[in-house]
Amino acid sequence: MTTRTPWNEYMIELGDYWIRECDAAAKKEGWTVFNADGVLQIQAVDEPEDGDVSLPDGDGQAYSLVAQKALEESKLHALALYLDGREADGEIFIPKALIYW
């Protein structure tokens, strides 16, 4: 049986890796790592602030952008994929293309 880590513990972990500079750089591209009901997810920024980009196709476009840039060896984007916990049971989703990187 898999136990889920409470969100406050994720925040402690996230703070060690996803620092403000990461968040600011991601938002300039229109996405960031958000808490979605206790699971960290790559999502589009719905209400961009000054300097932030808006992604018209939403979360799918954000995830595709992050995966593509991770394939181009961006550490920021690879970190975001690592932190994304979309799969049930807390497993980490890694796009097939990254397996053959």
# chains A, B, ... in the order shown; residues from 1 in each chain; ligands from 1
call {"tool": "residues_around", "arguments": {"residues": "stretch 70-77 of chain A", "least_positions_apart": "2", "cutoff": "9 Å", "atoms": "only C-alpha atoms", "output": "PDB file with C-alpha atoms, in the first residue's frame"}}
result
ATOM      1  CA  TRP A  18      12.002  24.543  -6.585  1.00  0.00           C
ATOM      2  CA  CYS A  22      12.988  28.439 -10.674  1.00  0.00           C
ATOM      3  CA  ALA A  25      11.907  31.490 -14.771  1.00  0.00           C
ATOM      4  CA  ALA A  26       9.014  29.079 -15.295  1.00  0.00           C
ATOM      5  CA  LEU A  65       6.694  22.733 -23.396  1.00  0.00           C
ATOM      6  CA  VAL A  66       8.372  21.467 -20.220  1.00  0.00           C
ATOM      7  CA  ALA A  67       8.887  17.963 -21.648  1.00  0.00           C
ATOM      8  CA  GLN A  68      10.352  19.351 -24.884  1.00  0.00           C
ATOM      9  CA  LEU A  79      13.507  19.207 -12.385  1.00  0.00           C
ATOM     10  CA  ALA A  80       9.881  20.163 -12.991  1.00  0.00           C
ATOM     11  CA  LEU A  81       9.212  16.776 -14.605  1.00  0.00           C
ATOM     12  CA  TYR A  82      10.903  15.070 -11.674  1.00  0.00           C
ATOM     13  CA  ALA A  97      11.024  10.276 -24.940  1.00  0.00           C
ATOM     14  CA  LEU A  98      13.140  11.019 -21.860  1.00  0.00           C
ATOM     15  CA  TRP A 101      17.491  10.655 -23.971  1.00  0.00           C
TER      16      TRP A 101
END
call {"tool": "residues_around", "arguments": {"residues": "A:Ser54", "least_positions_apart": "3", "cutoff": "10 Å", "atoms": "only C-alpha atoms", "output": "NGL selection string"}}
result
:A and (27-31 or 44-49 or 51 or 57-58 or 62)
call {"tool": "write_last_selection", "arguments": {"atoms": "N, CA and C atoms", "output": "PDB file, in the first residue's frame"}}
result
ATOM      1  N   LYS A  27       7.527  30.928 -14.766  1.00  0.00           N
ATOM      2  CA  LYS A  27       6.397  31.830 -15.014  1.00  0.00           C
ATOM      3  C   LYS A  27       6.635  32.722 -16.229  1.00  0.00           C
ATOM      4  N   LYS A  28       7.893  33.010 -16.528  1.00  0.00           N
ATOM      5  CA  LYS A  28       8.194  33.796 -17.731  1.00  0.00           C
ATOM      6  C   LYS A  28       7.829  33.015 -18.991  1.00  0.00           C
ATOM      7  N   GLU A  29       7.737  31.688 -18.856  1.00  0.00           N
ATOM      8  CA  GLU A  29       7.325  30.831 -19.981  1.00  0.00           C
ATOM      9  C   GLU A  29       5.844  30.475 -19.900  1.00  0.00           C
ATOM     10  N   GLY A  30       5.170  30.889 -18.825  1.00  0.00           N
ATOM     11  CA  GLY A  30       3.731  30.669 -18.711  1.00  0.00           C
ATOM     12  C   GLY A  30       3.313  29.434 -17.938  1.00  0.00           C
ATOM     13  N   TRP A  31       4.200  28.844 -17.155  1.00  0.00           N
ATOM     14  CA  TRP A  31       3.869  27.645 -16.385  1.00  0.00           C
ATOM     15  C   TRP A  31       4.621  27.676 -15.061  1.00  0.00           C
ATOM     16  N   ALA A  44      -0.238  25.440 -16.420  1.00  0.00           N
ATOM     17  CA  ALA A  44      -0.144  26.777 -17.001  1.00  0.00           C
ATOM     18  C   ALA A  44      -0.521  27.806 -15.939  1.00  0.00           C
ATOM     19  N   VAL A  45       0.075  28.981 -16.033  1.00  0.00           N
ATOM     20  CA  VAL A  45      -0.287  30.090 -15.157  1.00  0.00           C
ATOM     21  C   VAL A  45      -1.576  30.678 -15.704  1.00  0.00           C
ATOM     22  N   ASP A  46      -2.647  30.603 -14.917  1.00  0.00           N
ATOM     23  CA  ASP A  46      -3.955  31.065 -15.388  1.00  0.00           C
ATOM     24  C   ASP A  46      -4.086  32.576 -15.433  1.00  0.00           C
ATOM     25  N   GLU A  47      -3.476  33.243 -14.467  1.00  0.00           N
ATOM     26  CA  GLU A  47      -3.572  34.698 -14.413  1.00  0.00           C
ATOM     27  C   GLU A  47      -2.161  35.289 -14.387  1.00  0.00           C
ATOM     28  N   PRO A  48      -1.577  35.440 -15.580  1.00  0.00           N
ATOM     29  CA  PRO A  48      -0.187  35.926 -15.632  1.00  0.00           C
ATOM     30  C   PRO A  48      -0.046  37.338 -15.070  1.00  0.00           C
ATOM     31  N   GLU A  49       1.078  37.559 -14.392  1.00  0.00           N
ATOM     32  CA  GLU A  49       1.425  38.888 -13.891  1.00  0.00           C
ATOM     33  C   GLU A  49       2.345  39.540 -14.921  1.00  0.00           C
ATOM     34  N   GLY A  51       5.221  40.416 -17.121  1.00  0.00           N
ATOM     35  CA  GLY A  51       6.394  39.661 -17.532  1.00  0.00           C
ATOM     36  C   GLY A  51       6.132  38.181 -17.729  1.00  0.00           C
ATOM     37  N   ASP A  57      -3.268  27.285 -24.790  1.00  0.00           N
ATOM     38  CA  ASP A  57      -3.799  25.928 -24.745  1.00  0.00           C
ATOM     39  C   ASP A  57      -3.708  25.298 -23.361  1.00  0.00           C
ATOM     40  N   GLY A  58      -3.367  26.091 -22.349  1.00  0.00           N
ATOM     41  CA  GLY A  58      -3.442  25.657 -20.968  1.00  0.00           C
ATOM     42  C   GLY A  58      -2.421  24.629 -20.526  1.00  0.00           C
ATOM     43  N   ALA A  62       1.539  23.572 -21.451  1.00  0.00           N
ATOM     44  CA  ALA A  62       2.591  23.770 -20.459  1.00  0.00           C
ATOM     45  C   ALA A  62       3.401  22.493 -20.284  1.00  0.00           C
TER      46      ALA A  62
END
call {"tool": "atom_distance", "arguments": {"atom1": "atom CA of A:Gln61", "atom2": "atom CA of A:Tyr17"}}
result
23.3 Å
call {"tool": "atom_distance", "arguments": {"atom1": "atom CA of A:Pro56", "atom2": "atom CA of A:Ile19"}}
result
25.8 Å
